[in-house]
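J.: model35.cif (mmCIF, C-alpha atoms) pasted underneath:
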```
data_work
loop_
_atom_site.label_atom_id
_atom_site.label_comp_id
_atom_site.auth_asym_id
_atom_site.auth_seq_id
_atom_site.Cartn_x
_atom_site.Cartn_y
_atom_site.Cartn_z
CA MET A 1 0.00 0.00 0.00
CA PHE A 2 1.40 3.40 -1.00
CA ILE A 3 0.96 6.00 1.76
CA ASP A 4 2.55 9.41 1.30
CA ARG A 5 1.11 11.49 4.15
CA CYS A 6 0.64 10.86 7.88
CA VAL A 7 0.75 12.55 11.27
CA VAL A 8 2.92 11.34 14.15
CA GLU A 9 3.58 12.54 17.67
CA VAL A 10 7.21 12.69 18.78
CA ARG A 11 8.37 12.81 22.38
CA SER A 12 11.98 13.21 23.42
CA GLY A 13 13.17 11.97 26.82
CA LYS A 14 13.31 14.03 29.99
CA GLY A 15 16.75 14.68 31.44
CA GLY A 16 17.57 12.89 34.69
CA ASN A 17 17.58 14.89 37.93
CA GLY A 18 20.81 15.76 39.69
CA ARG A 19 21.37 14.10 43.06
CA ILE A 20 21.88 15.72 46.47
CA ALA A 21 24.29 13.51 48.40
CA PHE A 22 27.28 13.75 50.76
CA LEU A 23 30.26 11.48 51.28
CA HIS A 24 30.24 9.42 54.47
CA GLU A 25 33.43 7.36 54.36
CA LYS A 26 35.41 6.18 57.34
CA TYR A 27 38.76 7.65 56.44
CA VAL A 28 37.57 10.74 54.51
CA ALA A 29 37.16 13.76 56.79
CA LYS A 30 34.55 16.30 55.72
CA GLY A 31 33.72 14.27 52.66
CA GLY A 32 31.65 17.03 51.10
CA PRO A 33 28.99 16.89 48.34
CA SER A 34 28.94 13.83 46.09
CA GLY A 35 25.68 14.08 44.13
CA GLY A 36 26.12 13.14 40.46
CA ASN A 37 24.54 14.72 37.39
CA GLY A 38 21.48 13.30 35.66
CA GLY A 39 21.77 11.80 32.19
CA ARG A 40 20.51 13.54 29.08
CA GLY A 41 17.14 12.39 27.76
CA GLY A 42 17.04 10.49 24.49
CA SER A 43 16.27 12.30 21.23
CA VAL A 44 13.94 11.35 18.38
CA VAL A 45 16.08 11.01 15.25
CA PHE A 46 14.88 10.56 11.66
CA VAL A 47 17.19 8.69 9.26
CA THR A 48 16.45 8.30 5.56
CA ASP A 49 16.55 4.74 4.24
CA PRO A 50 16.73 4.27 0.42
CA THR A 51 15.09 0.83 0.72
CA ILE A 52 11.82 2.35 2.02
CA ASN A 53 9.48 3.87 -0.57
CA SER A 54 6.33 4.65 1.44
CA LEU A 55 5.14 5.93 4.81
CA PHE A 56 3.23 2.67 5.28
CA ALA A 57 4.79 2.07 8.70
CA PHE A 58 3.08 5.24 9.98
CA ARG A 59 -0.35 4.54 8.47
CA HIS A 60 -1.92 4.79 11.93
CA SER A 61 -1.18 7.83 14.08
CA LYS A 62 1.79 6.75 16.20
CA VAL A 63 3.76 8.03 19.14
CA LEU A 64 7.52 7.96 18.64
CA ALA A 65 9.11 8.29 22.07
CA ALA A 66 12.71 8.27 23.29
CA LYS A 67 13.78 7.12 26.76
CA ASP A 68 14.23 9.40 29.76
CA GLY A 69 17.68 9.97 31.21
CA GLU A 70 18.42 8.36 34.57
CA ASN A 71 18.87 10.40 37.75
CA GLY A 72 22.33 11.08 39.15
CA ASP A 73 23.52 8.92 42.01
CA ILE A 74 25.73 9.09 45.06
CA LYS A 75 29.53 9.17 44.90
CA ASN A 76 29.46 11.49 41.87
CA ARG A 77 27.95 8.83 39.63
CA TYR A 78 26.25 10.22 36.56
CA GLY A 79 22.87 8.95 35.41
CA ARG A 80 22.71 6.91 32.21
CA GLN A 81 21.77 8.80 29.05
CA GLY A 82 18.33 7.98 27.65
CA GLU A 83 18.27 5.82 24.52
CA ASP A 84 17.51 7.68 21.29
CA CYS A 85 14.49 6.72 19.23
CA ILE A 86 15.81 6.09 15.69
CA VAL A 87 13.08 6.28 13.04
CA LYS A 88 13.67 5.21 9.44
CA VAL A 89 11.84 7.23 6.78
CA PRO A 90 11.96 7.16 2.97
CA VAL A 91 14.15 9.53 1.00
CA GLY A 92 12.01 12.50 0.01
CA THR A 93 10.22 12.88 3.35
CA VAL A 94 9.29 16.42 4.30
CA VAL A 95 8.76 17.07 8.02
CA ILE A 96 6.20 19.78 8.84
CA ASP A 97 5.12 21.15 12.22
CA GLU A 98 1.39 20.43 12.47
CA LYS A 99 0.62 23.55 14.50
CA SER A 100 2.59 26.20 12.60
CA LYS A 101 2.65 24.43 9.20
CA GLU A 102 6.35 25.32 9.03
CA VAL A 103 8.63 23.09 6.97
CA LEU A 104 11.20 21.85 9.48
CA PHE A 105 13.25 19.40 7.40
CA ASP A 106 13.44 18.29 3.78
CA LEU A 107 15.12 14.88 3.83
CA SER A 108 16.14 14.47 0.22
CA GLU A 109 19.45 12.63 0.55
CA PRO A 110 20.10 8.92 1.36
CA LYS A 111 21.21 8.18 4.95
CA GLU A 112 20.46 11.75 5.99
CA LYS A 113 20.04 12.12 9.77
CA VAL A 114 18.20 14.87 11.66
CA VAL A 115 17.13 15.33 15.29
CA VAL A 116 13.42 16.22 15.22
CA ALA A 117 13.02 16.34 19.03
CA LYS A 118 16.08 16.88 21.21
CA GLY A 119 16.27 15.20 24.59
CA GLY A 120 16.19 17.29 27.76
CA ARG A 121 19.47 18.20 29.45
CA GLY A 122 20.33 16.32 32.63
CA GLY A 123 20.31 18.30 35.87
CA ARG A 124 23.51 18.94 37.83
CA GLY A 125 24.06 17.25 41.18
CA ASN A 126 25.11 19.17 44.26
CA ALA A 127 28.76 18.32 43.67
CA ALA A 128 28.68 20.67 40.68
CA PHE A 129 27.67 23.61 42.89
CA LYS A 130 30.58 23.37 45.33
CA ASN A 131 32.69 26.54 45.43
CA ASP A 132 34.78 28.58 47.87
CA ARG A 133 31.73 30.34 49.31
CA ASN A 134 29.51 27.25 49.57
CA ARG A 135 31.48 24.12 50.33
CA VAL A 136 28.46 21.97 51.24
CA PRO A 137 25.70 22.97 48.78
CA ASN A 138 22.33 21.43 49.49
CA ILE A 139 21.02 22.08 46.02
CA ALA A 140 20.70 20.23 42.70
CA GLU A 141 19.00 20.75 39.37
CA ASN A 142 16.10 18.89 37.84
CA GLY A 143 16.51 17.53 34.35
CA LEU A 144 14.86 19.56 31.59
CA PRO A 145 11.64 18.10 30.20
CA GLY A 146 11.63 16.54 26.76
CA ILE A 147 9.95 18.01 23.70
CA LYS A 148 6.50 16.87 22.63
CA LYS A 149 5.03 17.86 19.28
CA ARG A 150 2.96 16.55 16.39
CA LEU A 151 4.54 16.38 12.97
CA ILE A 152 3.13 15.94 9.50
CA LEU A 153 5.22 13.63 7.33
CA GLU A 154 4.80 14.06 3.59
CA LEU A 155 6.57 11.92 1.05
CA LYS A 156 7.38 13.79 -2.13
CA LEU A 157 8.91 11.43 -4.65
CA ILE A 158 12.26 12.44 -6.02
CA ALA A 159 12.09 12.22 -9.79
CA ASP A 160 13.79 14.20 -12.54
CA VAL A 161 10.82 14.00 -14.89
CA GLY A 162 7.12 13.81 -14.00
CA LEU A 163 4.37 12.65 -16.35
CA VAL A 164 1.08 14.53 -16.08
CA GLY A 165 -2.13 14.43 -18.06
CA LEU A 166 -5.74 13.35 -17.86
CA PRO A 167 -6.46 9.69 -17.03
CA SER A 168 -5.84 7.15 -19.82
CA VAL A 169 -3.62 9.37 -21.98
CA GLY A 170 -0.75 6.83 -21.90
CA LYS A 171 1.43 7.93 -18.97
CA SER A 172 1.88 4.42 -17.54
CA THR A 173 2.39 2.99 -21.02
CA LEU A 174 5.15 5.48 -21.77
CA LEU A 175 6.86 4.71 -18.46
CA SER A 176 6.77 0.97 -19.18
CA ILE A 177 8.33 1.53 -22.63
CA VAL A 178 11.26 3.69 -21.56
CA SER A 179 12.07 1.99 -18.21
CA ASP A 180 11.86 -1.32 -16.38
CA ALA A 181 8.84 -0.15 -14.40
CA ARG A 182 5.72 -2.33 -14.74
CA PRO A 183 2.73 -0.19 -13.81
CA ALA A 184 -0.85 -1.46 -14.21
CA ILE A 185 -2.17 -0.54 -17.67
CA ALA A 186 -5.81 -0.62 -18.78
CA ASP A 187 -8.24 1.43 -20.89
CA TYR A 188 -10.29 2.90 -18.04
CA PRO A 189 -9.73 5.97 -15.82
CA PHE A 190 -7.75 5.67 -12.58
CA THR A 191 -6.02 2.42 -13.50
CA THR A 192 -2.98 3.85 -11.71
CA LEU A 193 -3.76 4.37 -8.04
CA SER A 194 -0.29 5.36 -6.84
CA PRO A 195 2.79 7.02 -8.37
CA ASN A 196 5.21 4.75 -10.23
CA LEU A 197 8.92 5.38 -10.62
CA GLY A 198 11.20 4.10 -13.34
CA VAL A 199 14.86 4.63 -14.23
CA VAL A 200 15.28 5.64 -17.85
CA LYS A 201 18.63 4.64 -19.35
CA TYR A 202 20.03 6.93 -22.01
CA HIS A 203 22.90 5.95 -24.31
CA ASP A 204 24.19 3.30 -21.86
CA TYR A 205 25.97 5.79 -19.60
CA GLU A 206 23.36 8.34 -18.55
CA SER A 207 20.03 7.91 -16.83
CA PHE A 208 17.24 9.82 -15.12
CA VAL A 209 14.23 8.98 -12.96
CA MET A 210 10.75 9.30 -14.42
CA ALA A 211 7.53 9.31 -12.36
CA ASP A 212 4.00 8.56 -13.51
CA LEU A 213 1.78 10.88 -11.46
CA PRO A 214 -1.85 9.72 -11.63
CA GLY A 215 -5.27 11.10 -10.95
CA LEU A 216 -5.32 14.62 -12.42
CA ILE A 217 -8.80 15.70 -13.49
CA GLU A 218 -10.67 18.98 -13.34
CA ASP A 219 -10.75 20.33 -9.76
CA ALA A 220 -7.99 17.92 -8.70
CA HIS A 221 -6.55 20.72 -6.53
CA LYS A 222 -9.82 20.61 -4.53
CA GLY A 223 -9.47 16.90 -3.86
CA LYS A 224 -11.46 15.44 -6.74
CA GLY A 225 -10.24 12.22 -8.30
CA LEU A 226 -6.80 11.32 -6.97
CA GLY A 227 -5.18 14.64 -7.79
CA LEU A 228 -4.82 16.20 -4.38
CA GLU A 229 -3.12 13.04 -3.11
CA PHE A 230 -0.43 13.09 -5.79
CA LEU A 231 -0.08 16.70 -6.93
CA ARG A 232 2.56 17.14 -4.20
CA HIS A 233 4.87 14.72 -6.01
CA ILE A 234 5.13 17.14 -8.93
CA GLU A 235 6.88 19.59 -6.62
CA ARG A 236 10.23 17.77 -6.84
CA CYS A 237 10.16 17.11 -10.60
CA ARG A 238 12.62 19.29 -12.42
CA VAL A 239 10.92 18.72 -15.78
CA ILE A 240 7.26 18.02 -16.57
CA ILE A 241 6.06 15.97 -19.52
CA HIS A 242 2.48 16.93 -20.31
CA LEU A 243 0.75 14.17 -22.27
CA VAL A 244 -2.30 14.99 -24.36
CA SER A 245 -4.20 12.23 -26.18
CA MET A 246 -4.85 12.56 -29.93
CA GLU A 247 -7.42 9.76 -30.09
CA ALA A 248 -10.71 10.20 -31.95
CA ASN A 249 -13.51 12.21 -30.28
CA SER A 250 -11.01 13.86 -27.93
CA ASP A 251 -10.54 17.59 -27.42
CA PRO A 252 -6.75 18.05 -27.01
CA LEU A 253 -6.93 21.79 -26.35
CA LYS A 254 -9.54 21.41 -23.61
CA ALA A 255 -7.57 18.57 -21.99
CA TYR A 256 -4.38 20.65 -22.10
CA LYS A 257 -6.06 23.67 -20.50
CA THR A 258 -7.70 21.53 -17.82
CA ILE A 259 -4.38 20.12 -16.58
CA ASN A 260 -2.62 23.48 -16.78
CA ASN A 261 -5.40 25.06 -14.75
CA GLU A 262 -4.94 22.44 -11.99
CA LEU A 263 -1.17 22.95 -11.94
CA LYS A 264 -1.66 26.71 -11.72
CA LYS A 265 -4.13 26.49 -8.83
CA TYR A 266 -1.84 24.16 -6.91
CA ASP A 267 0.67 27.05 -6.85
CA LEU A 268 4.49 26.77 -6.86
CA ASN A 269 4.67 28.35 -10.32
CA LEU A 270 4.38 24.87 -11.82
CA LEU A 271 3.49 26.38 -15.19
CA LYS A 272 6.94 28.03 -15.19
CA ARG A 273 8.62 24.64 -14.69
CA PRO A 274 10.39 23.35 -17.87
CA THR A 275 7.64 21.46 -19.69
CA ILE A 276 7.69 19.13 -22.71
CA ILE A 277 4.32 18.80 -24.45
CA VAL A 278 3.67 15.36 -25.91
CA ALA A 279 0.88 14.24 -28.20
CA SER A 280 0.18 10.57 -27.39
CA LYS A 281 -1.66 7.86 -29.35
CA MET A 282 -0.40 9.15 -32.69
CA ASP A 283 -1.26 5.80 -34.27
CA GLU A 284 -4.97 6.73 -34.12
CA GLU A 285 -6.69 7.70 -37.37
CA GLY A 286 -6.68 11.48 -37.88
CA ALA A 287 -4.12 12.01 -35.10
CA GLU A 288 -1.73 13.99 -37.31
CA GLU A 289 -4.44 16.52 -38.18
CA ARG A 290 -5.47 16.90 -34.53
CA LYS A 291 -1.82 17.32 -33.47
CA ALA A 292 -1.23 20.03 -36.07
CA ALA A 293 -4.36 21.93 -34.97
CA PHE A 294 -3.41 21.54 -31.31
CA ALA A 295 0.16 22.81 -31.83
CA LYS A 296 -1.15 25.78 -33.78
CA ALA A 297 -3.65 26.63 -31.03
CA ILE A 298 -1.13 26.59 -28.16
CA LYS A 299 1.71 28.04 -30.26
CA LYS A 300 4.27 25.68 -28.73
CA PRO A 301 6.28 22.73 -30.09
CA VAL A 302 4.62 19.34 -29.62
CA ILE A 303 6.36 15.95 -29.83
CA GLY A 304 4.17 13.15 -31.17
CA ILE A 305 4.64 9.59 -29.88
CA SER A 306 3.01 6.21 -30.40
CA ALA A 307 3.25 3.45 -27.82
CA LEU A 308 2.22 0.97 -30.50
CA THR A 309 5.04 1.74 -32.94
CA ASN A 310 7.51 3.53 -30.58
CA ASP A 311 7.57 6.46 -33.01
CA GLY A 312 8.79 9.69 -31.38
CA VAL A 313 10.04 8.02 -28.18
CA LYS A 314 13.73 8.53 -29.01
CA GLU A 315 13.09 12.19 -29.87
CA LEU A 316 11.30 12.61 -26.55
CA LEU A 317 14.20 11.12 -24.55
CA ASN A 318 16.66 13.39 -26.35
CA LYS A 319 14.50 16.37 -25.44
CA CYS A 320 14.34 15.21 -21.81
CA MET A 321 18.13 15.04 -21.48
CA GLU A 322 18.54 18.41 -23.19
CA THR A 323 15.98 20.04 -20.86
CA LEU A 324 17.33 18.41 -17.69
CA ALA A 325 20.81 19.77 -18.41
CA ASN A 326 19.56 23.32 -17.75
CA ALA A 327 16.66 22.68 -15.37
CA PRO A 328 17.07 24.29 -11.91
CA LYS A 329 16.27 22.56 -8.63
CA PRO A 330 12.58 23.22 -7.86
CA LEU A 331 11.40 25.02 -4.73
CA LEU A 332 9.17 22.98 -2.42
CA LYS A 333 5.84 24.35 -1.26
CA GLY A 334 6.48 26.18 2.02
CA GLU A 335 10.28 26.06 1.64
CA ALA A 336 10.55 29.81 1.27
CA LYS A 337 9.21 30.15 4.83
CA LYS A 338 11.51 27.50 6.22
CA HIS A 339 13.94 29.75 8.06
CA LYS A 340 12.86 31.78 11.06
CA VAL A 341 13.49 35.53 10.85
CA TYR A 342 14.96 36.73 14.11
CA ASP A 343 13.15 39.69 15.61
CA ALA A 344 15.07 41.17 18.56
CA ARG A 345 12.00 43.10 19.72
CA LYS A 346 10.02 39.90 20.17
CA ASP A 347 12.75 37.66 21.50
CA ALA A 348 14.53 40.04 23.89
CA GLY A 349 12.22 39.59 26.91
CA ILE A 350 13.07 36.86 29.43
CA PHE A 351 9.50 36.79 30.76
CA ASN A 352 6.02 38.26 30.50
CA ILE A 353 3.35 38.57 33.18
CA VAL A 354 -0.29 37.85 32.41
CA LYS A 355 -3.20 38.81 34.67
CA GLU A 356 -5.43 35.73 34.71
CA LYS A 357 -8.09 37.16 37.03
CA GLU A 358 -8.38 39.51 39.99
CA HIS A 359 -5.46 38.94 42.41
CA THR A 360 -4.02 36.15 40.23
CA TRP A 361 -0.98 36.53 37.95
CA ARG A 362 1.08 34.15 35.81
CA ILE A 363 4.71 34.41 34.72
CA VAL A 364 5.26 33.10 31.16
CA GLY A 365 8.20 32.89 28.78
CA ASP A 366 10.51 30.19 27.41
CA SER A 367 13.60 31.43 29.24
CA VAL A 368 12.03 31.75 32.69
CA THR A 369 10.16 28.43 32.47
CA ARG A 370 13.34 26.67 31.33
CA THR A 371 15.25 28.02 34.33
CA TYR A 372 12.42 27.04 36.67
CA SER A 373 12.42 23.51 35.26
CA LEU A 374 16.09 23.19 36.19
CA ILE A 375 15.81 24.35 39.81
CA ASN A 376 15.05 21.71 42.41
CA ILE A 377 12.82 23.51 44.91
CA SER A 378 12.46 20.56 47.28
CA THR A 379 15.11 22.12 49.54
CA ASP A 380 15.12 25.52 51.22
CA GLU A 381 18.29 26.44 49.37
CA GLY A 382 16.69 25.58 46.02
CA LEU A 383 13.58 27.60 46.81
CA LEU A 384 15.66 30.62 47.81
CA ARG A 385 17.62 30.27 44.57
CA LEU A 386 14.41 30.41 42.52
CA LEU A 387 13.02 33.44 44.36
CA SER A 388 16.38 35.20 44.08
CA TYR A 389 16.42 34.52 40.33
CA LEU A 390 12.90 35.93 39.86
CA ARG A 391 13.83 39.04 41.80
CA LYS A 392 17.02 39.46 39.79
CA ILE A 393 15.29 39.39 36.40
CA GLY A 394 12.76 42.00 37.57
CA VAL A 395 9.59 40.01 38.25
CA ASP A 396 8.85 41.95 41.48
CA ASP A 397 9.29 45.30 39.76
CA GLU A 398 7.05 44.28 36.86
CA LEU A 399 4.31 43.01 39.19
CA GLU A 400 4.36 46.29 41.08
CA LYS A 401 4.21 48.24 37.81
CA MET A 402 1.17 46.20 36.70
CA GLY A 403 -0.69 46.91 39.94
CA ALA A 404 -0.24 43.70 41.92
CA LYS A 405 -1.31 43.92 45.58
CA ASP A 406 0.12 42.30 48.71
CA GLY A 407 -1.30 38.81 49.06
CA ASP A 408 -1.89 38.28 45.31
CA THR A 409 -1.06 34.80 44.01
CA VAL A 410 1.63 34.47 41.34
CA TYR A 411 2.06 31.29 39.28
CA LEU A 412 5.09 30.03 37.38
CA MET A 413 4.06 26.79 35.70
CA ASP A 414 2.93 24.60 38.66
CA PHE A 415 4.69 26.72 41.31
CA ALA A 416 2.72 29.37 43.23
CA PHE A 417 3.87 32.03 45.70
CA GLU A 418 2.37 35.01 47.45
CA TYR A 419 3.39 38.45 46.27
CA THR A 420 4.62 40.92 48.88
CA ARG A 421 6.09 44.34 48.22
#
```
Step by step, read the file and then write its structure as structure tokens.

T.:
Amino acid sequence: MFIDRCVVEVRSGKGGNGRIAFLHEKYVAKGGPSGGNGGRGGSVVFVTDPTINSLFAFRHSKVLAAKDGENGDIKNRYGRQGEDCIVKVPVGTVVIDEKSKEVLFDLSEPKEKVVVAKGGRGGRGNAAFKNDRNRVPNIAENGLPGIKKRLILELKLIADVGLVGLPSVGKSTLLSIVSDARPAIADYPFTTLSPNLGVVKYHDYESFVMADLPGLIEDAHKGKGLGLEFLRHIERCRVIIHLVSMEANSDPLKAYKTINNELKKYDLNLLKRPTIIVASKMDEEGAEERKAAFAKAIKKPVIGISALTNDGVKELLNKCMETLANAPKPLLKGEAKKHKVYDARKDAGIFNIVKEKEHTWRIVGDSVTRTYSLINISTDEGLLRLLSYLRKIGVDDELEKMGAKDGDTVYLMDFAFEYTR
């Protein structure tokens, strides 16, 4: 079964907590702190595998989770690092954030490896906090939480040349003639239910990949027929071969305009992609006259081919190689928005304060919540460290400026404290 789109949830591992411990050995005076650091949480890693050609393994919504890091131990022993979750995906997989619709990764090379969810950092044990001013620290850090997010995986086949056209114009037949591919061929619409790839050999020393992209009919961009499912595969094709049937009772000009209209509405400037127009089924009676009228109407060169006699196939392959030599790498849909634009005005603040209701406030912000996640507040020293940090970054001043009163409750994630001026 060919599946080219799915949604998965990825969860990286939480970092292990640092340990609070002290040496108690018979011959070691004033042993001091000996709490070890926690291990880093495992990451979720995607690796492209050339032997996989579908997202079939993800056909049901799945959770891909890495292991948590282990906590630090006594005698300065570090916690074990969490095991990574290695996920094999086909070459051509595009990873998209479900919430923002941002393209995160375009995995277009074999054995490419990317970390899609990084494991949380392990917390430091109290041995790491020993210094000249505090020789017996009673404080340790928690491990940072892992990342949890939902990703859209889209497979966009990597082919040099893509065949488009209305159903039953001879796309699969052409692919079977010029390559070793064996797609299903019949004289009814939607014979081909999934894209087919074939390697076309040219003059014994050159080759290119050709894809038969099925299901384009009028309103395919709206989901009719099979078009919406497979239009995305055209995105990677450097050259498009547009097949138009010259059989009796057909309207080549209408068929040509129908497909072009769908390519235009799908966006990506597909109509500006290098395109070779091919008149198929030239062995039909009256085909030459219809081809001549069609070429005159569109005012573009048209190559005629016949699957029955193989006429025109060599000319078409020559044209493919000539066009590929100068064809640029196509831009994927959404790729232009791939990189985040840094805005210092938005990213400068360490925290924000939100008034949830009367006498209730909440501190929010990636930086402040990250720091809070690290601090172990189970000890008095840890709690004082957190409150000192909040005061240092200006939380008290901001609360006063926003009109907070003595006795108001202030939340930072799951931690609450009473505000006093």

J.: Using only C-alpha atoms and a cutoff of 12 Å, can you tell me which residues are near (5.2, 18.9, 7.8) in the file's coordinates, and write them out as number ranges by chain?

T.: A: 4-9, 93-107, 116, 149-156, 332-335, 338

J.: Write a file of the selected residues as a PDB file, in the frame of the given file, keeping C-alpha atoms.

T.:
```
ATOM      1  CA  ASP A   4       2.550   9.410   1.300  1.00  0.00           C
ATOM      2  CA  ARG A   5       1.110  11.490   4.150  1.00  0.00           C
ATOM      3  CA  CYS A   6       0.640  10.860   7.880  1.00  0.00           C
ATOM      4  CA  VAL A   7       0.750  12.550  11.270  1.00  0.00           C
ATOM      5  CA  VAL A   8       2.920  11.340  14.150  1.00  0.00           C
ATOM      6  CA  GLU A   9       3.580  12.540  17.670  1.00  0.00           C
ATOM      7  CA  THR A  93      10.220  12.880   3.350  1.00  0.00           C
ATOM      8  CA  VAL A  94       9.290  16.420   4.300  1.00  0.00           C
ATOM      9  CA  VAL A  95       8.760  17.070   8.020  1.00  0.00           C
ATOM     10  CA  ILE A  96       6.200  19.780   8.840  1.00  0.00           C
ATOM     11  CA  ASP A  97       5.120  21.150  12.220  1.00  0.00           C
ATOM     12  CA  GLU A  98       1.390  20.430  12.470  1.00  0.00           C
ATOM     13  CA  LYS A  99       0.620  23.550  14.500  1.00  0.00           C
ATOM     14  CA  SER A 100       2.590  26.200  12.600  1.00  0.00           C
ATOM     15  CA  LYS A 101       2.650  24.430   9.200  1.00  0.00           C
ATOM     16  CA  GLU A 102       6.350  25.320   9.030  1.00  0.00           C
ATOM     17  CA  VAL A 103       8.630  23.090   6.970  1.00  0.00           C
ATOM     18  CA  LEU A 104      11.200  21.850   9.480  1.00  0.00           C
ATOM     19  CA  PHE A 105      13.250  19.400   7.400  1.00  0.00           C
ATOM     20  CA  ASP A 106      13.440  18.290   3.780  1.00  0.00           C
ATOM     21  CA  LEU A 107      15.120  14.880   3.830  1.00  0.00           C
ATOM     22  CA  VAL A 116      13.420  16.220  15.220  1.00  0.00           C
ATOM     23  CA  LYS A 149       5.030  17.860  19.280  1.00  0.00           C
ATOM     24  CA  ARG A 150       2.960  16.550  16.390  1.00  0.00           C
ATOM     25  CA  LEU A 151       4.540  16.380  12.970  1.00  0.00           C
ATOM     26  CA  ILE A 152       3.130  15.940   9.500  1.00  0.00           C
ATOM     27  CA  LEU A 153       5.220  13.630   7.330  1.00  0.00           C
ATOM     28  CA  GLU A 154       4.800  14.060   3.590  1.00  0.00           C
ATOM     29  CA  LEU A 155       6.570  11.920   1.050  1.00  0.00           C
ATOM     30  CA  LYS A 156       7.380  13.790  -2.130  1.00  0.00           C
ATOM     31  CA  LEU A 332       9.170  22.980  -2.420  1.00  0.00           C
ATOM     32  CA  LYS A 333       5.840  24.350  -1.260  1.00  0.00           C
ATOM     33  CA  GLY A 334       6.480  26.180   2.020  1.00  0.00           C
ATOM     34  CA  GLU A 335      10.280  26.060   1.640  1.00  0.00           C
ATOM     35  CA  LYS A 338      11.510  27.500   6.220  1.00  0.00           C
TER      36      LYS A 338
END
```

J.: Write out as a PyMOL selection string which residues come within 10 Å of Lys171 in chain A when counting only C-alpha atoms, dropping same-chain ones fewer than 4 positions away.

T.: chain A and resi 162-167+175-176+183+185+192+211-214+241-244+280

J.: Between A:Ser179, A:Ser168, A:Asn53, A:Asn196, single out the one closest to Ala255 in chain A, counting all atoms listed in the file.

T.: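 Between A:Ser179, A:Ser168, A:Asn53, A:Asn196, the residue approaching Ala255 in chain A most closely is A:Ser168.
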
J.: For the file shown, report as a JSON list (two decimals) with C-alpha atoms, in the coordinates of the input the outcome of the PyMOL selection byres ((chain A and resi 69) around 7) at residue level.

T.:
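File written: part.json
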```json
[["chain", "number", "residue", "atom", "x", "y", "z"],
["A", 13, "GLY", "CA", 13.17, 11.97, 26.82],
["A", 14, "LYS", "CA", 13.31, 14.03, 29.99],
["A", 15, "GLY", "CA", 16.75, 14.68, 31.44],
["A", 16, "GLY", "CA", 17.57, 12.89, 34.69],
["A", 38, "GLY", "CA", 21.48, 13.30, 35.66],
["A", 39, "GLY", "CA", 21.77, 11.80, 32.19],
["A", 40, "ARG", "CA", 20.51, 13.54, 29.08],
["A", 41, "GLY", "CA", 17.14, 12.39, 27.76],
["A", 42, "GLY", "CA", 17.04, 10.49, 24.49],
["A", 67, "LYS", "CA", 13.78, 7.12, 26.76],
["A", 68, "ASP", "CA", 14.23, 9.40, 29.76],
["A", 70, "GLU", "CA", 18.42, 8.36, 34.57],
["A", 71, "ASN", "CA", 18.87, 10.40, 37.75],
["A", 79, "GLY", "CA", 22.87, 8.95, 35.41],
["A", 80, "ARG", "CA", 22.71, 6.91, 32.21],
["A", 81, "GLN", "CA", 21.77, 8.80, 29.05],
["A", 82, "GLY", "CA", 18.33, 7.98, 27.65]]
```

J.: Considering all atoms listed in the file, can you say which of A:Lys111, A:Lys355, A:Lys257, A:Arg59 comes closest to Lys88 in chain A?

T.: A:Lys111

J.: Please identify all polymer residues within 10 Å of Ile52 in chain A, counting only C-alpha atoms, omitting same-chain residues fewer than 2 positions from it, and present them as a PyMOL selection string.

T.: chain A and resi 48-50+54-57+88-91

J.: Could you please determine the separation between CA of Lys392 in chain A and CA of Asp414 in chain A in Å, to one decimal place?

T.: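 CA of Asp414 in chain A lies 20.5 Å from CA of Lys392 in chain A.
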
J.: Selection in question (the file shown): the PyMOL selection byres ((chain A and resi 123) around 10). Which residues does it include, as a compact mmCIF listing (two decimals) with C-alpha atoms, keeping the file's coordinate frame?

T.:
```
# COMPACT_ATOMS: atom_id res chain seq x y z
CA GLY A 15 16.75 14.68 31.44
CA GLY A 16 17.57 12.89 34.69
CA ASN A 17 17.58 14.89 37.93
CA GLY A 18 20.81 15.76 39.69
CA ARG A 19 21.37 14.10 43.06
CA GLY A 36 26.12 13.14 40.46
CA ASN A 37 24.54 14.72 37.39
CA GLY A 38 21.48 13.30 35.66
CA GLY A 39 21.77 11.80 32.19
CA ARG A 40 20.51 13.54 29.08
CA GLY A 69 17.68 9.97 31.21
CA ASN A 71 18.87 10.40 37.75
CA GLY A 72 22.33 11.08 39.15
CA GLY A 79 22.87 8.95 35.41
CA GLY A 120 16.19 17.29 27.76
CA ARG A 121 19.47 18.20 29.45
CA GLY A 122 20.33 16.32 32.63
CA ARG A 124 23.51 18.94 37.83
CA GLY A 125 24.06 17.25 41.18
CA ASN A 126 25.11 19.17 44.26
CA ALA A 128 28.68 20.67 40.68
CA ALA A 140 20.70 20.23 42.70
CA GLU A 141 19.00 20.75 39.37
CA ASN A 142 16.10 18.89 37.84
CA GLY A 143 16.51 17.53 34.35
CA LEU A 144 14.86 19.56 31.59
CA SER A 373 12.42 23.51 35.26
CA LEU A 374 16.09 23.19 36.19
CA ILE A 375 15.81 24.35 39.81
CA ASN A 376 15.05 21.71 42.41
```

J.: Applying the PyMOL selection byres ((chain A and resi 75) around 12) to the file I just gave you, which residues come out? Please list them as a ChimeraX atom specification.

T.: /A:19-25,31-37,72-74,76-79,125-127

J.: Suppose you want the space between CA of Arg273 in chain A and CA of Lys329 in chain A; what is it in Å?

T.: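 Answer for the CA of Arg273 in chain A to CA of Lys329 in chain A separation: 10.0 Å.
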